[in-house]
$ cat upload31.txt   # compact mmCIF, C-alpha atoms and all ligand atoms
# COMPACT_ATOMS: atom_id res chain seq x y z
CA MET J 24 88.74 13.91 125.47
CA SER J 25 90.49 13.48 128.80
CA TYR J 26 92.09 16.38 130.68
CA ARG J 27 95.12 16.25 132.96
CA TYR J 28 94.31 18.15 136.18
CA ALA J 29 96.50 19.54 138.99
CA ILE J 30 95.96 21.60 142.16
CA LEU J 31 98.28 24.36 143.44
CA GLY J 32 97.85 24.82 147.21
CA CYS J 33 96.25 21.85 149.02
CA GLY J 34 94.46 23.46 151.98
CA ARG J 35 90.81 23.95 152.87
CA VAL J 36 89.16 25.01 149.59
CA ALA J 37 91.33 22.64 147.53
CA GLY J 38 89.30 19.68 148.86
CA GLY J 39 86.18 21.06 147.18
CA HIS J 40 88.08 21.41 143.89
CA ALA J 41 89.52 17.89 144.13
CA ASN J 42 86.07 16.40 144.81
CA ALA J 43 84.36 18.33 142.01
CA TYR J 44 86.98 17.25 139.43
CA ALA J 45 87.02 13.66 140.77
CA ASN J 46 83.32 13.57 139.91
CA ARG J 47 84.23 13.89 136.19
CA ASP J 48 85.23 10.84 134.18
CA ASP J 49 86.88 13.07 131.56
CA VAL J 50 89.39 14.42 134.10
CA ASP J 51 92.49 12.67 135.45
CA THR J 52 94.01 14.27 138.57
CA VAL J 53 97.75 13.94 138.02
CA ALA J 54 99.49 16.12 140.62
CA GLY J 55 99.35 18.63 143.45
CA ALA J 56 101.72 21.28 144.83
CA GLU J 57 101.86 22.14 148.52
CA VAL J 58 104.62 23.84 150.55
CA ASP J 59 103.52 22.16 153.79
CA ALA J 60 104.86 18.63 153.24
CA ALA J 61 102.66 16.93 155.87
CA ARG J 62 99.53 18.61 154.51
CA GLY J 63 100.52 17.67 150.98
CA ARG J 64 100.95 14.00 151.92
CA GLU J 65 97.61 13.92 153.73
CA PHE J 66 95.86 15.61 150.81
CA ALA J 67 97.42 13.24 148.26
CA GLU J 68 96.28 10.22 150.27
CA ALA J 69 92.76 11.55 150.81
CA HIS J 70 92.26 12.33 147.11
CA GLY J 71 94.39 9.63 145.48
CA ILE J 72 96.80 12.10 143.86
CA PRO J 73 99.86 10.27 142.45
CA THR J 74 102.46 13.09 142.56
CA MET J 75 102.92 15.89 145.09
CA HIS J 76 105.45 18.72 144.63
CA ASP J 77 106.61 21.39 147.05
CA ASP J 78 107.47 23.70 144.13
CA TYR J 79 104.49 24.47 141.91
CA ARG J 80 106.76 25.53 139.00
CA GLU J 81 108.22 22.03 139.02
CA LEU J 82 104.69 20.62 138.76
CA LEU J 83 103.91 22.87 135.77
CA ALA J 84 107.12 21.82 134.03
CA GLU J 85 106.94 18.08 134.76
CA ASP J 86 103.26 17.12 134.84
CA ALA J 87 101.95 19.14 131.87
CA PRO J 88 98.43 19.68 133.25
CA ASP J 89 95.58 20.90 131.01
CA ILE J 90 93.59 22.33 133.93
CA VAL J 91 95.08 23.85 137.07
CA SER J 92 93.26 24.96 140.24
CA VAL J 93 94.91 27.84 142.10
CA CYS J 94 93.83 27.34 145.73
CA THR J 95 96.40 29.46 147.57
CA TRP J 96 95.88 32.83 149.28
CA PRO J 97 95.15 35.90 147.11
CA PRO J 98 98.70 37.37 147.03
CA LEU J 99 99.78 34.27 145.04
CA HIS J 100 96.83 34.14 142.62
CA ALA J 101 98.35 36.39 139.92
CA GLU J 102 101.82 34.83 140.06
CA MET J 103 100.49 31.26 139.84
CA THR J 104 97.88 32.04 137.17
CA LYS J 105 100.45 33.76 134.96
CA ALA J 106 102.97 30.91 135.43
CA ALA J 107 100.33 28.30 134.59
CA ALA J 108 99.21 30.17 131.45
CA GLU J 109 102.83 30.57 130.33
CA ALA J 110 103.43 26.84 130.96
CA GLY J 111 100.71 26.02 128.43
CA VAL J 112 97.70 24.97 130.55
CA LYS J 113 94.36 25.20 128.75
CA LEU J 114 92.39 26.54 131.73
CA VAL J 115 93.28 28.14 135.08
CA HIS J 116 90.60 27.75 137.75
CA CYS J 117 91.60 30.29 140.38
CA GLU J 118 89.87 30.78 143.70
CA LYS J 119 88.25 34.05 144.73
CA PRO J 120 89.10 36.84 145.33
CA MET J 121 90.66 37.05 141.88
CA ALA J 122 93.81 38.68 143.34
CA VAL J 123 94.54 41.63 145.63
CA SER J 124 95.01 44.66 143.31
CA LEU J 125 93.05 45.37 140.14
CA GLY J 126 96.34 45.56 138.22
CA GLU J 127 97.10 41.94 139.13
CA CYS J 128 93.66 40.87 137.87
CA LYS J 129 94.26 42.61 134.55
CA GLU J 130 97.67 40.92 134.26
CA MET J 131 96.02 37.51 134.85
CA VAL J 132 93.52 38.10 132.04
CA ALA J 133 96.25 39.41 129.72
CA ALA J 134 98.60 36.46 130.42
CA CYS J 135 95.81 33.95 129.77
CA ASP J 136 94.75 35.72 126.57
CA ALA J 137 98.36 35.92 125.35
CA ASN J 138 98.89 32.19 125.89
CA GLY J 139 95.51 30.97 124.67
CA ALA J 140 94.44 29.85 128.15
CA LYS J 141 90.96 30.21 129.62
CA LEU J 142 90.54 31.68 133.12
CA VAL J 143 87.75 31.04 135.65
CA ILE J 144 87.38 32.55 139.14
CA GLY J 145 85.58 30.60 141.90
CA HIS J 146 82.42 32.66 142.41
CA GLN J 147 80.30 29.52 142.71
CA HIS J 148 77.28 31.26 144.27
CA ARG J 149 76.14 31.96 140.71
CA TRP J 150 74.79 28.36 140.85
CA ASP J 151 72.81 28.91 144.08
CA ALA J 152 69.34 27.47 143.39
CA ASN J 153 67.46 30.22 145.21
CA ALA J 154 69.46 33.03 143.59
CA ASN J 155 68.66 31.53 140.18
CA GLN J 156 64.99 31.27 141.10
CA ALA J 157 65.07 34.93 142.22
CA LEU J 158 66.64 35.94 138.91
CA LYS J 159 63.88 34.07 137.05
CA LEU J 160 61.13 35.68 139.15
CA VAL J 161 62.57 39.14 138.52
CA ALA J 162 62.68 38.43 134.77
CA GLU J 163 59.03 37.32 134.89
CA GLY J 164 58.07 40.60 136.59
CA ALA J 165 56.99 38.90 139.84
CA ILE J 166 58.09 41.91 141.92
CA GLY J 167 57.55 44.55 139.21
CA GLN J 168 60.60 46.52 138.16
CA LEU J 169 63.70 45.67 140.22
CA GLN J 170 64.86 48.91 141.87
CA TRP J 171 67.50 48.00 144.39
CA ILE J 172 69.30 45.19 146.18
CA TYR J 173 70.32 45.20 149.82
CA ALA J 174 73.01 42.61 150.54
CA TYR J 175 75.09 41.89 153.62
CA CYS J 176 77.65 39.51 155.01
CA GLY J 177 78.86 39.75 158.61
CA SER J 178 81.83 37.49 158.11
CA ARG J 179 85.31 38.73 157.16
CA ASP J 180 86.09 41.54 154.68
CA LEU J 181 85.47 42.82 151.15
CA LEU J 182 88.08 40.61 149.50
CA ALA J 183 87.36 37.36 151.38
CA ASN J 184 83.54 37.41 151.31
CA GLY J 185 82.52 40.77 149.83
CA THR J 186 83.67 39.38 146.49
CA HIS J 187 80.87 36.76 146.68
CA VAL J 188 78.36 39.45 147.75
CA VAL J 189 79.28 41.84 144.93
CA ASP J 190 79.51 39.06 142.34
CA LEU J 191 76.05 37.73 143.23
CA ALA J 192 74.62 41.27 143.21
CA ARG J 193 76.03 41.62 139.69
CA PHE J 194 74.50 38.25 138.76
CA LEU J 195 71.10 39.40 140.10
CA VAL J 196 71.18 42.54 137.93
CA GLY J 197 72.03 40.46 134.84
CA ASP J 198 75.67 41.61 134.90
CA SER J 199 74.63 45.15 134.03
CA PRO J 200 77.84 47.22 134.15
CA ALA J 201 78.49 49.24 137.33
CA ARG J 202 78.79 52.93 136.54
CA MET J 203 79.45 54.49 139.97
CA VAL J 204 80.49 53.31 143.43
CA MET J 205 80.40 55.16 146.75
CA GLY J 206 81.97 53.41 149.70
CA GLN J 207 83.45 53.73 153.14
CA ILE J 208 85.67 51.38 155.11
CA ASP J 209 86.38 51.16 158.85
CA ARG J 210 89.78 49.97 160.11
CA PRO J 211 90.28 51.07 163.73
CA GLU J 212 93.44 48.98 164.04
CA PRO J 213 95.73 46.95 161.75
CA LYS J 214 94.29 43.69 160.45
CA VAL J 215 95.66 41.07 158.05
CA ASP J 216 93.78 38.06 156.67
CA PHE J 217 94.67 35.57 153.92
CA GLY J 218 98.11 37.23 153.68
CA HIS J 219 97.01 40.81 152.89
CA GLU J 220 95.71 43.93 154.63
CA VAL J 221 91.95 44.02 155.25
CA GLU J 222 89.35 46.33 156.81
CA HIS J 223 87.06 45.55 159.75
CA ALA J 224 83.91 46.79 158.01
CA ALA J 225 82.77 48.32 154.75
CA ILE J 226 79.62 49.78 153.24
CA ALA J 227 79.04 50.43 149.56
CA HIS J 228 76.50 51.82 147.16
CA ILE J 229 76.78 50.51 143.60
CA TYR J 230 74.91 52.18 140.74
CA PHE J 231 74.32 49.86 137.77
CA GLU J 232 73.76 50.98 134.21
CA ASN J 233 70.26 49.41 134.12
CA GLY J 234 69.15 51.76 136.93
CA VAL J 235 69.30 49.22 139.79
CA ARG J 236 71.31 50.22 142.87
CA ALA J 237 72.91 47.81 145.32
CA PHE J 238 73.61 48.68 148.95
CA ILE J 239 76.15 46.40 150.62
CA GLU J 240 77.26 45.97 154.22
CA GLN J 241 80.32 43.80 154.86
CA GLY J 242 82.14 42.75 158.02
CA ASP J 243 81.66 44.07 161.56
CA VAL J 244 78.75 46.39 160.68
CA ALA J 245 76.64 43.65 159.05
CA PRO J 246 74.39 40.96 160.56
CA PRO J 247 76.01 37.51 160.52
CA PRO J 248 74.54 35.57 157.57
CA TYR J 249 75.08 36.11 153.89
CA ALA J 250 71.77 37.51 152.69
CA PHE J 251 70.07 39.49 149.95
CA GLN J 252 66.87 41.47 149.63
CA LEU J 253 65.62 42.44 146.18
CA VAL J 254 63.20 45.36 146.19
CA GLY J 255 60.93 45.90 143.19
CA THR J 256 58.08 48.28 142.41
CA ALA J 257 55.55 45.52 143.23
CA GLY J 258 57.21 43.33 145.86
CA THR J 259 60.35 41.98 147.49
CA ILE J 260 62.37 38.78 147.39
CA SER J 261 64.51 37.82 150.40
CA LEU J 262 67.30 35.27 150.05
CA ASN J 263 68.88 33.46 152.98
CA ALA J 264 67.39 35.82 155.57
CA PRO J 265 68.22 35.35 159.27
CA GLU J 266 64.60 34.37 160.05
CA GLY J 267 65.49 30.89 158.77
CA TYR J 268 64.10 30.63 155.23
CA ALA J 269 66.14 30.37 152.05
CA MET J 270 63.71 32.41 149.99
CA ARG J 271 60.60 34.53 150.66
CA VAL J 272 58.59 36.48 148.07
CA ILE J 273 56.19 39.20 149.21
CA THR J 274 53.80 40.81 146.70
CA ALA J 275 50.26 42.25 146.85
CA GLU J 276 49.00 38.65 146.54
CA GLY J 277 50.67 37.71 149.82
CA GLU J 278 53.76 35.88 151.04
CA ARG J 279 55.36 32.76 149.50
CA ARG J 280 58.26 30.75 150.87
CA MET J 281 60.20 28.80 148.28
CA ASP J 282 63.12 26.97 149.88
CA LEU J 283 64.69 25.09 146.98
CA PRO J 284 67.02 22.15 147.73
CA PRO J 285 70.67 23.25 147.75
CA THR J 286 72.83 22.64 144.66
CA ASN J 287 76.47 21.49 144.70
CA ALA J 288 77.65 24.85 143.38
CA LYS J 289 81.37 23.96 143.10
CA ARG J 290 80.50 20.88 141.08
CA ALA J 291 78.29 22.98 138.79
CA GLU J 292 81.12 25.51 138.41
CA VAL J 293 83.47 22.68 137.35
CA ASP J 294 80.89 21.14 134.98
CA ALA J 295 80.58 24.54 133.26
CA ILE J 296 84.39 24.63 132.95
CA LEU J 297 84.48 21.28 131.13
CA ALA J 298 81.57 22.34 128.92
CA TRP J 299 83.47 25.53 127.97
CA LEU J 300 86.67 23.55 127.25
CA ASP J 301 84.65 21.22 125.02
CA GLY J 302 83.39 24.13 122.92
CA GLY J 303 80.29 25.03 124.95
CA PRO J 304 79.23 28.47 126.19
CA PRO J 305 81.74 30.83 127.84
CA HIS J 306 81.89 30.32 131.61
CA PRO J 307 79.86 32.80 133.72
CA CYS J 308 82.86 33.22 136.06
CA ARG J 309 85.42 33.78 133.27
CA GLY J 310 88.28 36.14 134.10
CA GLU J 311 87.03 39.08 132.05
CA ASN J 312 83.73 38.98 133.98
CA ALA J 313 85.30 38.42 137.41
CA VAL J 314 87.61 41.39 136.91
CA LYS J 315 84.48 43.59 136.92
CA THR J 316 83.57 42.30 140.38
CA HIS J 317 87.09 43.10 141.54
CA GLU J 318 86.91 46.59 140.04
CA ILE J 319 83.84 47.28 142.21
CA LEU J 320 85.62 46.01 145.35
CA MET J 321 88.62 48.22 144.63
CA SER J 322 86.29 51.16 143.92
CA VAL J 323 84.85 50.87 147.45
CA TYR J 324 88.36 51.34 148.86
CA GLU J 325 89.12 54.08 146.35
CA SER J 326 85.91 55.96 147.22
CA SER J 327 86.84 55.75 150.90
CA ARG J 328 90.40 56.92 150.12
CA LEU J 329 89.25 59.89 148.02
CA HIS J 330 86.11 60.73 150.06
CA ALA J 331 84.26 60.82 146.76
CA ALA J 332 82.11 58.79 144.40
CA VAL J 333 84.12 56.73 141.92
CA HIS J 334 82.99 56.69 138.30
CA LEU J 335 83.98 53.48 136.50
CA PRO J 336 86.24 52.45 134.85
CA LEU J 337 88.43 52.78 137.94
CA GLY J 338 91.63 54.64 137.17
CA ASN J 339 93.70 53.03 139.92
CA ASP J 340 95.31 49.61 139.41
CA ASP J 341 96.90 49.50 142.89
CA PHE J 342 95.33 48.32 146.18
CA PRO J 343 93.79 51.55 147.57
CA LEU J 344 93.61 50.15 151.12
CA LEU J 345 97.40 49.74 151.09
CA GLN J 346 97.73 53.30 149.78
CA MET J 347 95.56 54.54 152.68
CA ILE J 348 97.78 52.68 155.14
CA ASP J 349 100.97 54.01 153.52
CA ASP J 350 99.54 57.57 153.57
CA GLY J 351 98.66 57.24 157.29
CA ASP J 352 94.90 57.63 156.61
CA VAL J 353 94.14 54.38 158.48
CA PRO J 354 96.29 52.38 160.92
N1 LIG U 401 84.94 29.81 146.83
C1 LIG U 401 84.79 29.77 148.14
O1 LIG U 401 83.68 29.80 148.67
C2 LIG U 401 86.01 29.71 149.01
C3 LIG U 401 85.97 29.12 150.27
C4 LIG U 401 87.14 29.11 151.05
C5 LIG U 401 88.30 29.69 150.57
N2 LIG U 401 88.30 30.28 149.33
C6 LIG U 401 89.51 30.94 148.80
O2 LIG U 401 90.48 29.95 148.52
C7 LIG U 401 91.81 30.47 148.74
C8 LIG U 401 92.53 29.53 149.70
O3 LIG U 401 91.83 29.53 150.93
P1 LIG U 401 91.94 28.30 151.95
O4 LIG U 401 90.98 28.57 153.03
O5 LIG U 401 91.85 27.02 151.23
O6 LIG U 401 93.43 28.52 152.50
P2 LIG U 401 94.35 27.43 153.21
O7 LIG U 401 95.33 28.20 154.03
O8 LIG U 401 93.52 26.38 153.88
O9 LIG U 401 95.10 26.73 151.96
C9 LIG U 401 96.08 27.35 151.21
C10 LIG U 401 97.20 26.35 150.99
O10 LIG U 401 98.16 26.89 150.07
C11 LIG U 401 99.44 26.41 150.51
N3 LIG U 401 100.49 27.21 149.87
C12 LIG U 401 100.96 28.44 150.24
N4 LIG U 401 101.94 28.84 149.40
C13 LIG U 401 102.10 27.85 148.49
C14 LIG U 401 102.95 27.69 147.36
N5 LIG U 401 103.84 28.61 147.01
N6 LIG U 401 102.85 26.53 146.66
C15 LIG U 401 101.96 25.58 147.00
N7 LIG U 401 101.11 25.69 148.06
C16 LIG U 401 101.19 26.81 148.78
C17 LIG U 401 99.36 26.52 152.01
O11 LIG U 401 100.38 25.78 152.67
C18 LIG U 401 97.96 26.02 152.29
O12 LIG U 401 97.92 24.61 152.49
C19 LIG U 401 91.61 31.90 149.28
O13 LIG U 401 91.74 32.82 148.22
C20 LIG U 401 90.18 31.89 149.80
O14 LIG U 401 89.55 33.16 149.78
C21 LIG U 401 87.20 30.27 148.54
$ encode --input "upload31.txt" --output "structure tokens" --more "lines below"
Ligand SMILES: NC(=O)c1ccc[n+]([C@@H]2O[C@H](COP(=O)([O-])OP(=O)(O)OC[C@H]3O[C@@H](n4cnc5c(N)ncnc54)[C@H](O)[C@@H]3O)[C@@H](O)[C@H]2O)c1
Amino acid sequence: MSYRYAILGCGRVAGGHANAYANRDDVDTVAGAEVDAARGREFAEAHGIPTMHDDYRELLAEDAPDIVSVCTWPPLHAEMTKAAAEAGVKLVHCEKPMAVSLGECKEMVAACDANGAKLVIGHQHRWDANANQALKLVAEGAIGQLQWIYAYCGSRDLLANGTHVVDLARFLVGDSPARMVMGQIDRPEPKVDFGHEVEHAAIAHIYFENGVRAFIEQGDVAPPPYAFQLVGTAGTISLNAPEGYAMRVITAEGERRMDLPPTNAKRAEVDAILAWLDGGPPHPCRGENAVKTHEILMSVYESSRLHAAVHLPLGNDDFPLLQMIDDGDVP
């Protein structure tokens, strides 16, 4: 079976999508859509794409793709995903964050379900070799009972990078449902990134159903790298710590460093997409799972807006940060 593939938005992350699909001999890249004509031409040449459109709806109507990557900024993710599902694509591969508001994410899942399309969101860190090794060690009881996870990322905001942090925290607790979120954001002055409002810093406590808690620092308050510490009753595992190792395990027996060679996570994400399309297991980053990551992100804003813990499911489908701005709570 060969799949017709197209990319909507041909900027930075689109190159990773194009390369990962080019690696598959069951995928034929047929078209791209890009509003910046010069960028579109350059991208088409670099990746050997035969047809480039400036209007993505024209692409959907004329090129009949089976798989579509949505590689534009978050405010366009819902619109493009819904249009692709309605045009009859089999699978929409949308970049993270899933969208801006939780309501948009739910609409994306509903539109794909209604049209028989599959939906995958680009949380490729689920294929990180060290994170997978950590998950295995936790399952084997190497650090006793996992109690809590401390995770931080000093770059950008909750939507841009916090979505990777929260999604990997969920992965490390075996996707146990989040039951409660307490959070606070800091936005001393207006700030916009990737076409939507953002905060300068955020902290969050997430309480998972299996008893594990995650504490997250994002943005200006956090140290620079993207790192995790897993604390168990009998030891700790550190991932990607600033001291320069990819993985360190400390137990009563001593300290072990286990720096596994990096995986091509985007390629693995795409391989899992093709496996799912061919009747294999559901994709770990499928829309209905990714929406749970987004619900946690929105709950951090909502907790900050209400000055209270948020018990999930979150009863607010809007973007609480925008509500705070509109209410004059933050600049
Ligand atoms: N998974 C990851 O690790 C990862 C890494 C980087 C970026 N991202 C995500 O990917 C998305 C895109 O980020 P980026 O850095 O590639 O942005 P970018 O600005 O480099 O690329 C976006 C492209 O979309 C084009 N575009 C805008 N409106 C369009 C339209 N209506 N039709 C067609 N094209 C249109 C722009 O001209 C631009 O070329 C963001 O959501 C970002 O968070 C994910």
$ residues_around --input "upload31.txt" --residues "Ala331 in chain J" --least-positions-apart "5" --cutoff "12 Å" --atoms "only C-alpha atoms" --output "list of chain:residue names"
J:Met203, J:Val204, J:Met205, J:Gly206, J:Gln207, J:Ala227, J:His228, J:Ser322, J:Val323, J:Tyr324, J:Glu325, J:Ser326
$ residues_near_point --input "upload31.txt" --point "(79.1, 30.7, 146.1)" --cutoff "9 Å" --atoms "only C-alpha atoms" --output "list in words"
Gly145, His146, Gln147, His148, Arg149, Trp150, Asp151, His187, Val188, Leu191, Ala288 and Lys289 of chain J
$ residues_near_ligand --input "upload31.txt" --ligand "ligand LIG 401 (chain U)" --cutoff "6 Å" --atoms "only C-alpha atoms and all ligand atoms" --output "list in words"
Leu31, Gly32, Cys33, Gly34, Arg35, Val36, Ala37, Ala56, Glu57, Val58, Asp59, Asp78, Tyr79, Cys94, Thr95, Trp96, Pro97, Glu118, Lys119, Pro120, Gly145, His146 and Ala183 of chain J
$ atom_distance --input "upload31.txt" --atom1 "CA of Asp216 in chain J" --atom2 "CA of Gln346 in chain J"
17.2 Å
$ closest_residue --input "upload31.txt" --among "J:Ile229, J:Ala45, J:Val221, J:Ala61" --to "Asp190 in chain J" --atoms "only C-alpha atoms"
J:Ile229
$ closest_residue --input "upload31.txt" --among "J:Gly255, J:Gln156, J:Ala225, J:His100" --to "Leu169 in chain J" --atoms "all atoms listed in the file"
J:Gly255
$ residues_near_point --input "upload31.txt" --point "(101.5, 13.9, 141.2)" --cutoff "10 Å" --atoms "all atoms listed in the file" --output "MDAnalysis selection string"
chainID J and resid 28:30 52:56 67 71:76 82 85:86
$ write_last_selection --input "upload31.txt" --atoms "C-alpha atoms" --output "mmCIF file, keeping the file's coordinate frame"
data_model
loop_
_atom_site.group_PDB
_atom_site.id
_atom_site.type_symbol
_atom_site.label_atom_id
_atom_site.label_comp_id
_atom_site.auth_asym_id
_atom_site.auth_seq_id
_atom_site.Cartn_x
_atom_site.Cartn_y
_atom_site.Cartn_z
ATOM 1 C CA TYR J 28 94.310 18.150 136.180
ATOM 2 C CA ALA J 29 96.500 19.540 138.990
ATOM 3 C CA ILE J 30 95.960 21.600 142.160
ATOM 4 C CA THR J 52 94.010 14.270 138.570
ATOM 5 C CA VAL J 53 97.750 13.940 138.020
ATOM 6 C CA ALA J 54 99.490 16.120 140.620
ATOM 7 C CA GLY J 55 99.350 18.630 143.450
ATOM 8 C CA ALA J 56 101.720 21.280 144.830
ATOM 9 C CA ALA J 67 97.420 13.240 148.260
ATOM 10 C CA GLY J 71 94.390 9.630 145.480
ATOM 11 C CA ILE J 72 96.800 12.100 143.860
ATOM 12 C CA PRO J 73 99.860 10.270 142.450
ATOM 13 C CA THR J 74 102.460 13.090 142.560
ATOM 14 C CA MET J 75 102.920 15.890 145.090
ATOM 15 C CA HIS J 76 105.450 18.720 144.630
ATOM 16 C CA LEU J 82 104.690 20.620 138.760
ATOM 17 C CA GLU J 85 106.940 18.080 134.760
ATOM 18 C CA ASP J 86 103.260 17.120 134.840
#
$ atom_distance --input "upload31.txt" --atom1 "CA of Leu195 in chain J" --atom2 "CA of Glu127 in chain J"
26.1 Å
$ closest_residue --input "upload31.txt" --among "J:Ala192, J:Cys176, J:His330, J:Glu130" --to "Asp352 in chain J" --atoms "only C-alpha atoms"
J:His330
$ closest_residue --input "upload31.txt" --among "J:Pro211, J:Gly63, J:Pro284, J:Gly197" --to "His223 in chain J" --atoms "only C-alpha atoms"
J:Pro211
$ atom_distance --input "upload31.txt" --atom1 "CA of Phe342 in chain J" --atom2 "CA of Leu99 in chain J"
14.8 Å
$ closest_residue --input "upload31.txt" --among "J:Glu311, J:Asp209, J:Glu232, J:Asp349" --to "Leu335 in chain J" --atoms "all atoms listed in the file"
J:Glu232
$ closest_residue --input "upload31.txt" --among "J:Met121, J:Ala257, J:Leu262, J:Val314" --to "Arg280 in chain J" --atoms "all atoms listed in the file"
J:Leu262
